[in-house]
Every structure is written in structure tokens, then in C-alpha cells.
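Okay, run-v7.txt is below, compact mmCIF, C-alpha atoms:
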```
# COMPACT_ATOMS: atom_id res chain seq x y z
CA MET A 1 18.46 3.45 2.82
CA ALA A 2 15.14 1.69 3.10
CA VAL A 3 13.28 4.98 2.76
CA ASN A 4 15.36 5.89 -0.31
CA ARG A 5 14.52 2.57 -1.91
CA LEU A 6 10.83 3.09 -1.19
CA ILE A 7 10.85 6.57 -2.64
CA SER A 8 12.59 5.39 -5.83
CA ILE A 9 10.01 2.62 -6.28
CA LEU A 10 7.13 5.02 -5.72
CA ALA A 11 8.62 7.43 -8.24
CA LEU A 12 8.84 4.63 -10.79
CA LEU A 13 5.25 3.61 -10.24
CA LEU A 14 4.02 7.16 -10.65
CA VAL A 15 6.05 7.66 -13.84
CA ALA A 16 4.63 4.46 -15.30
CA LEU A 17 1.12 5.56 -14.38
CA GLN A 18 1.57 8.95 -15.95
CA VAL A 19 2.96 7.53 -19.19
CA SER A 20 0.14 5.05 -19.33
CA ALA A 21 -2.47 7.74 -18.79
CA GLN A 22 -1.09 9.79 -21.67
CA THR A 23 -0.87 6.98 -24.20
CA PRO A 24 -3.40 7.77 -26.95
CA THR A 25 -4.52 4.24 -27.75
CA ASP A 26 -8.03 3.00 -28.31
CA SER A 27 -7.71 0.38 -25.62
CA ILE A 28 -7.07 3.00 -22.98
CA ARG A 29 -9.83 5.24 -24.26
CA VAL A 30 -12.41 2.51 -23.93
CA LYS A 31 -14.07 4.63 -21.31
CA LEU A 32 -13.98 8.27 -20.37
CA PRO A 33 -13.32 7.32 -16.80
CA LEU A 34 -13.51 10.65 -15.02
CA TYR A 35 -16.79 11.78 -16.53
CA THR A 36 -20.04 11.84 -14.64
CA LYS A 37 -23.16 10.80 -16.51
CA SER A 38 -24.83 14.19 -16.49
CA TRP A 39 -23.57 17.67 -17.01
CA GLY A 40 -23.32 19.59 -13.73
CA GLU A 41 -23.70 16.48 -11.60
CA LYS A 42 -21.32 15.95 -8.68
CA LYS A 43 -21.35 12.76 -6.66
CA GLY A 44 -20.15 11.98 -3.18
CA TYR A 45 -18.98 8.42 -2.53
CA LEU A 46 -18.25 6.54 0.64
CA THR A 47 -14.66 5.50 -0.07
CA LEU A 48 -12.65 2.61 1.30
CA GLY A 49 -8.85 2.62 1.27
CA VAL A 50 -5.75 0.80 2.42
CA ARG A 51 -2.51 2.62 3.07
CA ASN A 52 1.13 2.60 4.00
CA THR A 53 2.50 5.29 6.25
CA ILE A 54 6.15 6.18 6.66
CA SER A 55 6.75 7.79 10.02
CA THR A 56 9.80 10.03 9.97
CA PHE A 57 11.46 12.66 12.11
CA ASN A 58 10.57 10.92 15.34
CA ASP A 59 11.70 13.14 18.17
CA GLY A 60 13.84 15.05 15.74
CA ASN A 61 15.77 12.07 14.44
CA PHE A 62 15.36 11.11 10.80
CA ASP A 63 17.18 7.81 11.37
CA TYR A 64 14.31 6.43 13.43
CA SER A 65 11.97 6.06 10.46
CA GLY A 66 9.18 3.55 10.66
CA MET A 67 6.70 1.80 8.47
CA GLY A 68 3.00 1.41 9.06
CA VAL A 69 -0.05 -0.14 7.53
CA GLY A 70 -3.64 0.87 7.95
CA GLY A 71 -7.00 1.53 6.46
CA HIS A 72 -9.58 4.24 6.28
CA PHE A 73 -12.90 5.22 4.89
CA ARG A 74 -13.94 8.62 3.63
CA ALA A 75 -17.35 10.21 3.83
CA PRO A 76 -17.60 13.46 1.85
CA ILE A 77 -19.87 16.20 3.13
CA THR A 78 -19.82 18.56 0.16
CA PRO A 79 -17.96 18.47 -3.17
CA ARG A 80 -15.07 20.35 -1.54
CA ILE A 81 -15.12 18.97 2.00
CA ASN A 82 -14.32 15.35 2.79
CA THR A 83 -13.84 13.47 6.05
CA GLU A 84 -11.46 10.58 6.58
CA TRP A 85 -11.68 8.03 9.40
CA TYR A 86 -8.55 5.95 9.78
CA ALA A 87 -6.55 3.45 11.80
CA ASP A 88 -2.79 2.85 11.49
CA TYR A 89 -0.25 0.52 13.07
CA ILE A 90 3.35 1.72 12.83
CA THR A 91 6.65 0.25 13.98
CA ASN A 92 9.85 2.31 14.28
CA ASN A 93 13.42 1.27 14.70
CA ILE A 94 15.36 3.08 17.46
CA GLY A 95 19.03 2.87 16.65
CA GLY A 96 19.01 -0.90 16.21
CA ILE A 97 18.67 -1.52 19.95
CA GLY A 98 15.06 -0.64 20.55
CA HIS A 99 11.82 -0.11 18.75
CA ARG A 100 8.63 1.77 19.08
CA THR A 101 5.12 0.78 18.11
CA ASP A 102 2.35 3.30 17.55
CA ALA A 103 -1.32 2.74 16.92
CA HIS A 104 -3.48 5.61 15.72
CA ILE A 105 -7.21 5.77 15.32
CA GLY A 106 -8.69 9.09 14.32
CA TRP A 107 -10.26 11.35 11.77
CA SER A 108 -9.42 14.25 9.50
CA VAL A 109 -11.32 16.89 7.61
CA MET A 110 -10.03 17.47 4.09
CA TYR A 111 -10.63 20.66 2.14
CA TYR A 112 -10.03 20.62 -1.62
CA VAL A 113 -8.18 23.81 -2.44
CA ILE A 114 -9.50 23.82 -5.98
CA ASP A 115 -12.87 22.50 -7.10
CA PRO A 116 -12.44 18.74 -7.68
CA TYR A 117 -14.75 18.96 -10.67
CA ILE A 118 -14.37 20.63 -14.02
CA THR A 119 -17.57 21.73 -15.72
CA LYS A 120 -17.40 22.83 -19.35
CA HIS A 121 -20.48 24.56 -20.66
CA THR A 122 -19.93 24.24 -24.36
CA SER A 123 -22.94 24.08 -26.65
CA ARG A 124 -21.53 21.11 -28.53
CA ASP A 125 -20.39 18.84 -25.74
CA PRO A 126 -20.98 20.07 -22.19
CA TYR A 127 -19.58 17.89 -19.48
CA THR A 128 -18.64 17.63 -15.83
CA ARG A 129 -15.73 15.51 -14.76
CA LEU A 130 -13.31 14.95 -11.91
CA ARG A 131 -9.93 16.56 -12.20
CA LYS A 132 -6.99 14.20 -12.52
CA PHE A 133 -5.38 15.73 -9.43
CA ASN A 134 -7.36 16.94 -6.42
CA PRO A 135 -5.00 18.73 -4.01
CA PHE A 136 -6.22 19.22 -0.46
CA VAL A 137 -5.26 20.45 2.97
CA GLU A 138 -6.42 18.63 6.05
CA THR A 139 -6.48 18.71 9.79
CA GLY A 140 -7.75 16.29 12.38
CA HIS A 141 -7.42 14.48 15.63
CA CYS A 142 -6.59 10.96 16.77
CA PHE A 143 -6.26 8.75 19.79
CA ASP A 144 -2.99 6.95 19.97
CA TYR A 145 -0.98 4.33 21.79
CA GLY A 146 2.79 4.43 21.86
CA GLY A 147 5.07 1.80 23.36
CA ILE A 148 8.87 1.75 23.50
CA TYR A 149 10.61 -1.60 23.73
CA ARG A 150 14.17 -2.64 24.28
CA ASN A 151 14.93 -5.21 21.58
CA GLY A 152 14.56 -8.66 23.05
CA ASP A 153 11.96 -7.63 25.64
CA ASP A 154 8.41 -8.89 25.60
CA LYS A 155 6.96 -5.93 27.41
CA PRO A 156 7.38 -2.22 26.74
CA ALA A 157 9.84 -0.26 28.82
CA ALA A 158 7.50 2.71 28.58
CA GLU A 159 4.10 3.27 27.10
CA ARG A 160 1.41 5.88 26.97
CA TRP A 161 -2.11 6.44 25.78
CA SER A 162 -2.87 9.91 24.57
CA SER A 163 -4.42 11.90 21.80
CA ALA A 164 -2.87 13.95 19.07
CA VAL A 165 -3.69 16.53 16.45
CA GLN A 166 -2.41 16.44 12.91
CA PHE A 167 -2.39 18.71 9.90
CA GLY A 168 -1.02 18.38 6.42
CA ALA A 169 -1.59 18.45 2.71
CA GLY A 170 -1.73 16.04 -0.19
CA THR A 171 -3.41 15.17 -3.41
CA HIS A 172 -5.64 12.52 -4.91
CA TYR A 173 -4.65 11.15 -8.29
CA ASN A 174 -7.89 9.93 -9.81
CA ILE A 175 -7.70 6.76 -11.86
CA GLY A 176 -11.12 6.43 -13.37
CA SER A 177 -14.28 7.55 -11.68
CA ARG A 178 -14.06 5.05 -8.79
CA PHE A 179 -10.36 4.79 -7.86
CA ASP A 180 -7.72 7.13 -6.63
CA LEU A 181 -4.19 7.07 -5.33
CA THR A 182 -3.62 9.54 -2.52
CA PHE A 183 -0.29 10.88 -1.42
CA LYS A 184 -0.08 13.16 1.61
CA ALA A 185 2.19 14.41 4.34
CA GLN A 186 1.00 15.29 7.82
CA TYR A 187 2.67 16.49 10.97
CA MET A 188 1.28 14.90 14.12
CA MET A 189 1.68 16.53 17.52
CA HIS A 190 0.86 14.53 20.62
CA LEU A 191 -1.12 16.06 23.43
CA GLY A 192 -0.69 14.99 27.03
CA ASN A 193 2.30 13.04 28.27
CA ASP A 194 5.19 12.17 26.02
CA VAL A 195 7.50 9.15 25.89
CA HIS A 196 10.40 8.74 23.53
CA GLY A 197 13.56 6.74 23.25
CA HIS A 198 16.96 7.51 21.83
CA VAL A 199 20.41 6.00 21.78
CA HIS A 200 23.01 7.55 24.05
CA ASP A 201 26.49 6.03 24.35
CA GLY A 202 25.21 2.83 22.80
CA GLN A 203 22.38 2.50 25.33
CA LEU A 204 18.68 2.98 24.84
CA GLU A 205 17.53 5.91 26.94
CA ILE A 206 13.84 6.32 27.52
CA GLU A 207 12.37 9.62 28.62
CA GLU A 208 8.93 10.30 29.93
CA HIS A 209 7.52 13.80 30.21
CA ASP A 210 4.24 14.87 31.70
CA HIS A 211 3.74 17.60 29.17
CA GLY A 212 3.42 17.37 25.45
CA GLY A 213 5.31 19.64 23.12
CA LEU A 214 5.45 20.66 19.51
CA GLU A 215 7.69 17.71 18.76
CA GLY A 216 5.97 14.91 17.00
CA HIS A 217 6.40 13.05 13.80
CA LEU A 218 5.99 13.56 10.11
CA LEU A 219 3.71 11.00 8.52
CA ILE A 220 3.93 10.37 4.79
CA THR A 221 1.03 8.29 3.54
CA LEU A 222 0.31 6.57 0.25
CA SER A 223 -3.12 5.04 -0.07
CA VAL A 224 -5.19 3.31 -2.71
CA ASN A 225 -8.89 3.99 -2.56
CA PHE A 226 -12.09 2.65 -4.00
CA LYS A 227 -15.30 4.69 -4.12
CA LEU A 228 -17.72 2.14 -2.80
CA ILE A 229 -21.22 3.57 -2.39
CA ARG A 230 -22.72 6.82 -3.65
CA ILE A 231 -24.13 8.72 -0.71
CA TRP A 232 -25.21 11.96 -2.38
CA THR A 233 -25.57 13.69 -5.72
CA LYS A 234 -25.53 17.43 -6.22
CA GLY A 235 -26.27 19.51 -9.26
CA MET B 1 18.95 -2.77 -8.16
CA ASP B 2 17.34 0.63 -8.90
CA LYS B 3 18.55 0.41 -12.51
CA ARG B 4 16.83 -2.94 -12.89
CA LEU B 5 13.60 -1.46 -11.57
CA VAL B 6 13.82 1.42 -14.04
CA MET B 7 14.37 -1.04 -16.89
CA LEU B 8 11.41 -3.14 -15.83
CA ALA B 9 9.11 -0.12 -15.64
CA LEU B 10 10.24 1.07 -19.07
CA VAL B 11 9.72 -2.34 -20.65
CA LEU B 12 6.24 -2.66 -19.17
CA THR B 13 5.28 0.82 -20.29
CA ALA B 14 6.48 0.13 -23.82
CA LEU B 15 4.60 -3.15 -23.92
CA ALA B 16 1.45 -1.48 -22.68
CA ALA B 17 1.63 1.13 -25.40
CA GLN B 18 2.18 -1.35 -28.19
CA ALA B 19 0.32 -4.52 -27.36
CA GLN B 20 -3.14 -4.25 -28.85
CA ASP B 21 -5.56 -7.02 -29.54
CA ASN B 22 -9.23 -6.83 -30.34
CA THR B 23 -10.08 -9.91 -28.31
CA THR B 24 -11.68 -8.84 -25.07
CA PHE B 25 -11.09 -10.66 -21.81
CA VAL B 26 -10.16 -7.95 -19.37
CA LYS B 27 -13.47 -6.31 -18.63
CA LYS B 28 -15.33 -4.77 -15.77
CA TYR B 29 -16.51 -7.29 -13.14
CA LEU B 30 -13.99 -9.92 -14.23
CA LEU B 31 -12.77 -12.02 -11.32
CA ARG B 32 -9.49 -13.82 -11.81
CA THR B 33 -7.86 -16.04 -9.21
CA GLN B 34 -4.75 -18.14 -9.03
CA GLY B 35 -2.83 -20.33 -6.68
CA ASN B 36 0.90 -20.76 -7.01
CA LEU B 37 4.27 -21.57 -5.59
CA SER B 38 6.48 -18.53 -5.41
CA VAL B 39 10.08 -17.94 -4.53
CA GLY B 40 11.57 -14.94 -2.81
CA TYR B 41 14.94 -13.37 -2.31
CA MET B 42 15.52 -11.76 1.08
CA VAL B 43 17.73 -8.79 0.37
CA LYS B 44 19.50 -8.58 3.72
CA GLN B 45 19.66 -12.30 4.50
CA LYS B 46 20.49 -13.26 0.89
CA THR B 47 18.30 -16.33 1.20
CA VAL B 48 15.62 -17.86 -0.97
CA PRO B 49 12.37 -18.70 0.83
CA ALA B 50 9.49 -20.49 -0.87
CA TYR B 51 5.79 -19.87 -0.43
CA ILE B 52 2.43 -21.32 -1.32
CA GLY B 53 0.04 -18.53 -2.15
CA GLY B 54 -3.17 -17.47 -3.75
CA ASP B 55 -4.62 -14.20 -4.89
CA PHE B 56 -7.53 -12.59 -6.65
CA ASP B 57 -8.17 -9.60 -8.90
CA TYR B 58 -11.66 -8.20 -9.17
CA PHE B 59 -12.06 -5.65 -11.92
CA VAL B 60 -14.29 -2.88 -10.63
CA ASP B 61 -13.31 -0.83 -13.63
CA GLU B 62 -11.76 -1.65 -17.00
CA ARG B 63 -8.33 -0.69 -15.83
CA VAL B 64 -8.40 -1.03 -12.08
CA SER B 65 -8.85 -4.15 -10.00
CA TRP B 66 -9.13 -4.69 -6.28
CA TYR B 67 -6.46 -7.17 -5.26
CA GLY B 68 -5.98 -9.53 -2.34
CA GLU B 69 -3.24 -12.05 -1.64
CA GLY B 70 -2.35 -14.54 1.03
CA SER B 71 0.89 -16.50 1.10
CA PHE B 72 2.12 -19.22 3.41
CA PHE B 73 5.80 -19.67 4.14
CA VAL B 74 7.01 -23.19 3.33
CA THR B 75 10.76 -23.23 3.68
CA GLY B 76 13.84 -21.08 3.57
CA THR B 77 17.43 -21.21 4.67
CA SER B 78 19.41 -18.46 6.33
CA ASP B 79 22.40 -20.14 7.90
CA ASP B 80 24.92 -17.40 7.27
CA VAL B 81 23.04 -14.73 9.24
CA GLY B 82 22.78 -16.68 12.46
CA TYR B 83 19.05 -17.26 12.44
CA LYS B 84 16.45 -18.96 10.34
CA MET B 85 12.96 -18.08 9.34
CA LYS B 86 10.28 -20.15 11.05
CA HIS B 87 7.26 -18.31 9.70
CA ASN B 88 6.85 -15.51 7.20
CA HIS B 89 3.26 -15.47 6.00
CA ALA B 90 1.76 -12.48 4.23
CA ILE B 91 -1.63 -10.90 3.79
CA LEU B 92 -1.69 -8.12 1.20
CA SER B 93 -4.46 -6.03 -0.27
CA GLY B 94 -4.72 -3.02 -2.54
CA VAL B 95 -5.22 -2.21 -6.18
CA ASN B 96 -3.66 -3.26 -9.43
CA ILE B 97 -3.64 -0.66 -12.17
CA HIS B 98 -3.82 -2.23 -15.60
CA LEU B 99 -2.04 -0.40 -18.35
CA THR B 100 -4.36 -1.54 -21.12
CA ALA B 101 -7.99 -2.65 -21.26
CA ASN B 102 -10.06 -4.89 -23.51
CA ASN B 103 -7.03 -6.88 -24.44
CA ARG B 104 -5.58 -10.38 -24.11
CA PHE B 105 -2.33 -8.90 -22.95
CA ASP B 106 -2.63 -7.38 -19.49
CA PRO B 107 0.43 -5.69 -17.97
CA TYR B 108 -0.17 -4.06 -14.61
CA ILE B 109 1.41 -2.45 -11.63
CA GLY B 110 0.12 -2.88 -8.11
CA ILE B 111 0.33 -1.15 -4.77
CA ASN B 112 -0.58 -3.67 -2.10
CA PRO B 113 0.01 -2.77 1.57
CA GLY B 114 -0.31 -5.50 4.13
CA ILE B 115 1.13 -7.40 7.03
CA MET B 116 3.68 -10.14 7.51
CA ILE B 117 3.26 -12.72 10.26
CA SER B 118 6.79 -13.84 11.06
CA GLN B 119 8.88 -15.78 13.51
CA PHE B 120 12.61 -16.40 13.59
CA GLY B 121 14.75 -18.90 15.46
CA PRO B 122 18.39 -19.84 15.89
CA THR B 123 19.96 -22.07 13.28
CA SER B 124 21.54 -25.38 14.12
CA ASP B 125 24.89 -23.90 13.14
CA VAL B 126 24.51 -21.26 15.83
CA ASN B 127 24.03 -23.95 18.40
CA ILE B 128 27.43 -25.40 17.63
CA GLY B 129 29.03 -22.01 18.02
CA LEU B 130 29.85 -21.00 14.45
CA TYR B 131 28.14 -17.63 14.63
CA ASN B 132 27.09 -15.05 17.15
CA PRO B 133 23.37 -15.63 17.44
CA PRO B 134 21.03 -12.64 17.73
CA PHE B 135 18.85 -14.88 19.89
CA THR B 136 19.17 -18.35 21.33
CA GLN B 137 15.54 -19.42 21.20
CA ASN B 138 12.63 -18.75 18.90
CA THR B 139 11.26 -15.24 18.88
CA LYS B 140 7.60 -14.64 19.43
CA VAL B 141 5.38 -14.57 16.37
CA GLY B 142 5.20 -10.92 15.33
CA VAL B 143 2.96 -8.94 13.02
CA SER B 144 4.83 -6.42 10.90
CA PRO B 145 3.32 -3.77 8.64
CA VAL B 146 4.78 -3.88 5.14
CA PHE B 147 4.73 -1.88 1.94
CA SER B 148 4.62 -3.89 -1.25
CA ALA B 149 4.52 -3.07 -4.93
CA ALA B 150 4.24 -5.43 -7.85
CA VAL B 151 4.62 -5.49 -11.61
CA GLY B 152 3.27 -8.30 -13.69
CA ILE B 153 1.74 -9.48 -16.91
CA ASN B 154 -1.31 -11.67 -17.48
CA TYR B 155 -1.94 -13.21 -20.85
CA TYR B 156 -5.50 -14.41 -21.40
CA VAL B 157 -5.39 -17.49 -23.56
CA GLY B 158 -9.15 -17.99 -23.45
CA SER B 159 -12.24 -17.34 -21.45
CA ILE B 160 -11.19 -19.73 -18.67
CA PHE B 161 -7.41 -19.52 -18.28
CA ASN B 162 -4.69 -16.96 -18.17
CA PHE B 163 -0.96 -17.20 -17.78
CA PHE B 164 0.73 -14.81 -15.43
CA VAL B 165 4.14 -13.73 -14.31
CA ARG B 166 4.73 -11.30 -11.46
CA ALA B 167 7.56 -9.70 -9.53
CA ARG B 168 6.91 -8.13 -6.16
CA TYR B 169 8.96 -6.07 -3.74
CA ILE B 170 8.14 -6.11 -0.03
CA GLN B 171 9.59 -3.69 2.50
CA GLY B 172 9.18 -4.04 6.24
CA GLN B 173 10.95 -4.79 9.50
CA PHE B 174 10.44 -7.36 12.24
CA PHE B 175 10.84 -6.68 15.94
CA ALA B 176 8.61 -8.72 18.29
CA ASN B 177 11.05 -9.79 21.03
CA SER B 178 14.03 -10.23 18.74
CA THR B 179 17.25 -8.80 20.13
CA GLU B 180 17.89 -7.15 16.81
CA ARG B 181 15.82 -5.57 14.07
CA ILE B 182 15.30 -8.04 11.23
CA PRO B 183 14.67 -6.50 7.80
CA LEU B 184 11.90 -8.17 5.81
CA SER B 185 12.93 -6.64 2.48
CA GLU B 186 12.25 -9.21 -0.19
CA PHE B 187 11.75 -9.69 -3.90
CA ARG B 188 9.22 -12.33 -4.84
CA PHE B 189 8.63 -13.99 -8.14
CA SER B 190 5.69 -16.11 -9.21
CA ALA B 191 4.33 -17.47 -12.45
CA GLY B 192 1.72 -19.94 -13.51
CA LEU B 193 -1.84 -20.44 -14.57
CA GLY B 194 -4.79 -18.33 -13.40
CA TRP B 195 -8.52 -18.83 -13.66
CA ASN B 196 -11.14 -16.43 -15.03
CA TRP B 197 -14.53 -16.60 -13.35
CA GLY B 198 -16.55 -15.38 -16.32
CA PHE B 199 -19.94 -16.34 -14.96
CA ILE B 200 -19.60 -13.73 -12.21
CA GLN B 201 -18.92 -11.09 -14.80
CA LYS B 202 -21.91 -12.17 -16.86
CA ALA B 203 -24.16 -12.18 -13.81
CA MET B 204 -23.03 -8.70 -12.80
CA VAL B 205 -23.51 -7.32 -16.32
CA LYS B 206 -27.00 -8.83 -16.45
CA ARG B 207 -27.86 -7.39 -13.04
CA ARG B 208 -26.81 -3.90 -14.08
```
Translate the structure described by the file into C-alpha cells.
Amino acid sequence: MAVNRLISILALLLVALQVSAQTPTDSIRVKLPLYTKSWGEKKGYLTLGVRNTISTFNDGNFDYSGMGVGGHFRAPITPRINTEWYADYITNNIGGIGHRTDAHIGWSVMYYVIDPYITKHTSRDPYTRLRKFNPFVETGHCFDYGGIYRNGDDKPAAERWSSAVQFGAGTHYNIGSRFDLTFKAQYMMHLGNDVHGHVHDGQLEIEEHDHGGLEGHLLITLSVNFKLIRIWTKG
Amino acid sequence: MDKRLVMLALVLTALAAQAQDNTTFVKKYLLRTQGNLSVGYMVKQKTVPAYIGGDFDYFVDERVSWYGEGSFFVTGTSDDVGYKMKHNHAILSGVNIHLTANNRFDPYIGINPGIMISQFGPTSDVNIGLYNPPFTQNTKVGVSPVFSAAVGINYYVGSIFNFFVRARYIQGQFFANSTERIPLSEFRFSAGLGWNWGFIQKAMVKRR
């Protein structure tokens, strides 16, 4: 229910943004926001962002969805390859009788599947600009902490420190030359030992396994990002 | 509730498309701040907490501002759910996307993730046995990640002041050492007078 409400709000926000972006009024066209100053010029910015992450499909159960908050910065290497360095803190409900907290700190490499820039070589008005949407695929690695608590307890019933790999896809939605909204989905698989909790006959059962598996969680992330400092210019 | 959200988004979009004014207040490098009392409505608890808060918008572009907010829980009742809120402070940050630029009239939408710092305790009614309490003593203070989105309108009456009205939705959940999950879903409403720090804008323009 909570996830449905979130998704409906996000949909509304995106619709409002899209309508706004298409409104042909002078006030909105004050600036050509996606244009670079020179034709052929591509710029790489150190980018700072804050984000919410919805963690779903924990141990195969969609009911144990969680909410997280975090931040990241991005350092692009080339116009089509970006790196993202992030930290997240996520809490998950486990059937109303327990909860799980996860902390992730890691990095990803993002590859833009189409060139993020459009260059038009017209004799009258040549220009280079960012595309409105920049779809990407990404993969990366993180270190993580996971703790499972029985509700009411101060200390975790089980916890583990491990690392994980993640892969996924998403897109930037560029708002002007310095801001973007990014929506992405990643699947994270934990390496090393595994702990998880589930409800069985009304009781919280906690399992610990020495080996990791393909089970993990789906992370859906919405972030808002500001391009802070230009670190390179190409072209 | 979803229908109301749709209506609000439609109204704001229509306003953004129509409201035009040649007077320019919303510009790059503008810093606006405000302090206010706000009221909330906790969706699950059906209670009305009150907050003292402050926030800022810094326009790094004509239509996009970096946003930060802090709010301090003052009071709130929640007798009919068996517990009461002791603390529910918020720190939020993100961006506000302004639907028009170079205008007195400034409708916007915001995506502002953050954290809530909360604590809950038993109500006095619980102690006399009217309800089944989820806990019999105060929980620990817990930090909960939250999603929040806002819609609002600023109206710049001059170079120094602006009026504002804002509605915000917050979604999160509290655990700490509570014996049950406590939803933090909340609508918040605030309105009042904001300040424009024009000299910062002028200094930044001069520097560039």
C-alpha cells in the first residue's frame, strides 16, 4: 500500500514535470538550459545527489519492502562513462514483528547506451546539447551491513558484514544543464554469508547461511542531482 | 487521497502555464528563506502534530533550486492509537523544480529525501488500561529514512518578501526498539512569509 502510494505520487510529479517542460511560454524559454556554450563541447561535472531507495523483493518476499535514504557523488570519466560513489541506509519491515536495517557504501560504473549529447552541424545554427533523457546501464560493488531485529529489541538477533555486487539500468532526466532527476532499478546480490528473517506461524524466524546465493534484493532509486564542479571539457 | 493529489497537480500545472508577469524576482542565485509553524496530519494515527521549522531555497538555475529544511516537533496527540509522539523532527534536502521563471508567481514541486528523528511513548490513557499499549515505556530515539515530496506556491510581493503556501507528503516507518512498526506517513501544511536575500544574488552576479 505504501509502495503504491509512493509510485502514484512519483507518477504525478513526473507528469507535472513533463507538462511543464513542454509549455511554450516565454518565461520557461528564458534560457536554453541543455545547451553548452560551444558547438562540439562536452563537459564532465562532479555531481552531488541525494536519493531515496525502495528495497523490494527481500528474500523473495515483496511484502518486506523497505525505504532508504542516501547520497552519492558522480565523477564522469568520459562523455559516455560515469562513476557513482554512494552510501544508503535502508530499513525494512518483516511481517510487522521484526525489521531489518541495511547500510550500503559502494560504487557503480554507468555506461550511457546512447550518446548523452546531441550535436547538430547545421550551417545556420550548429549546437551541442544534452539529451533530455540519458538512459544507462550500470554495474558495481558495495560493502554492506545487515542487521535483523525482533521488534522491541535493542540489539540485532542476527547481523553480518559482507560485500555485494549490483547491476541495473536507469535514466537521467536532465532539467537544465546542471540538474537531473535519476530513476534506476538495480538488483543487488550479496557475497559471503547471508542472514534473513521471515515470518513462520506468526513467529520471526532468522536464518543464517555461510554461503551467499543469487537471492538478494531489488533496489529502486530516485535521486536528485546537482552538477557541482566541471572537471573536464572535451571537444 | 490519490484523486486529491491528481487535482492538485493539475491545478498547479494550469497555473504555471497561465501565470505570467514581467516583474522578475525568481532569478539565478536567489536565496529565499523562511521560518514557520506548520501542522501535519499523520495518516495512520489520524492525529495533528505541530512543528516549528525553517527552510531555504537557493536558485542555482532559473528553474531549479537546492532546498533544505529542518523542522522541530512541538506537540501532537495520539491517544486513540495507544501511544504518543515524543519527538518527530525532520531534516530534508533535495531540489525544488519551479514551473515558471522570471515571474512573481512561483509554483513548484519538490523532491526532498531526508530523515526523521523520532521517539514514541505510552499515553496516559494506556496507563489506566483503556488500550492495549504497543509499549509501556518510551522507545529509544530512532532515525528513520523518509521520502518526501512537496508542492507549493511562492508569490513575490517585492524584492524583500514573499508569501508562500506548501503541502508536503512524507513517507517512512519507525522501528528503533518499538514492539510494532510505526508508520510515519504524514501530510504537512505550512504558509507564511518568506525572505529574499537579494544582496547574495547581486554579489554572485557581480562576481560572475
Please provide the set of residues having any atom within 7 Å of stretch 64-78 of chain A, restricted to all atoms listed in the file, with same-chain residues fewer than 6 positions apart removed, written as a ChimeraX atom specification.
/A:44-58,84-95 /B:113-114,145-146,172
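Excluding stretch 149-166 of chain B itself and any same-chain residue fewer than 6 positions from it, the protein and nucleic acid residues within 8 Å of it, counting all atoms listed in the file, are Phe25, Arg104, Phe105, Asp106, Pro107, Tyr108, Ile109, Gly110, Ile111, Asn112, Pro113, Phe189, Ser190, Ala191, Gly192, Leu193, Gly194, Trp195, Asn196, Trp197 and Gly198 of chain B.
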Looking at only C-alpha atoms, which of A:Glu41, A:Gly168, A:Arg80, A:Gly106 is the one that sits closest to A:Lys120?
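Residue with the minimum atom-to-atom distance to A:Lys120: A:Glu41.
Set the cut-off at 7 Å, count only C-alpha atoms, and the residues of chain B near chain A turn out to be Val6, Ala9, Thr13, Ala17, Gly94, Val95, Leu99, Thr100, Ala101, Asn102, Pro113, Gly114, Pro145, Val146, Phe147, Gly172, Asn177, Ser178, Thr179, Glu180 and Arg181 of chain B.
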Which residue is closest to A:Ile114? Choose from A:Phe167, A:Tyr127, A:Tyr187, A:Phe133 and count only C-alpha atoms.
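Closest residue, counting only C-alpha atoms: A:Phe133.
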Please return the centre and edge lengths, in Å to one decimal, of a box with edges along x, y and z that contains all listed atoms of stretch 155-174 of chain A, widened by 4 Å on every side, as JSON.
```
{"center_x": 1.0, "center_y": 6.4, "center_z": 9.5, "size_x": 25.7, "size_y": 32.6, "size_z": 46.6}
```
I want to know what sits within 6 Å of B:Val60, based on only C-alpha atoms, with residues of the same chain fewer than 5 positions away left out; could you give that as a count of residues only?
3
To one decimal place, how far is atom CA of A:Asp144 from atom CA of A:Ala158 in Å?
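These two atoms are separated by 14.2 Å.
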Using only C-alpha atoms, can you tell me which of A:His141, A:His198, A:Arg230, A:Lys132 comes closest to A:His172?
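Selected residue with least distance to A:His172: A:Lys132.
Going from atom CA of A:Ser108 to atom CA of A:Leu191 covers 16.3 Å.
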How far is it from atom CA of B:Ser144 to atom CA of A:His104, in Å with one decimal?
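Atom CA of A:His104 lies 15.4 Å from atom CA of B:Ser144.
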For B:Val48, the nearest of the candidates B:Lys84, B:Leu184, B:Gly76, B:Phe135, counting only C-alpha atoms:
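Smallest distance to B:Val48 is found for B:Gly76.
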Would you please work out which residue, of B:Tyr51, B:Phe59, B:Val43, B:Ala176, is nearest to B:Gln201 when using only C-alpha atoms?
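Looking only at the distances to B:Gln201, the closest residue turns out to be B:Phe59.
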Pick from B:Thr139, B:Val26, B:Val39, B:Ile170, whichever lies nearest to B:Leu92 using all atoms listed in the file:
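Closest residue, counting all atoms listed in the file: B:Ile170.
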Surrounding residues of B:His87 excluding itself and chain neighbours under 3 positions, 10 Å, all atoms listed in the file, as a list in words
Phe72, Phe73, Val74, Thr75, Gly76, Lys84, Ala90, Met116, Ile117, Ser118, Gln119, Phe120, Gly121, Val141 and Gly142 of chain B
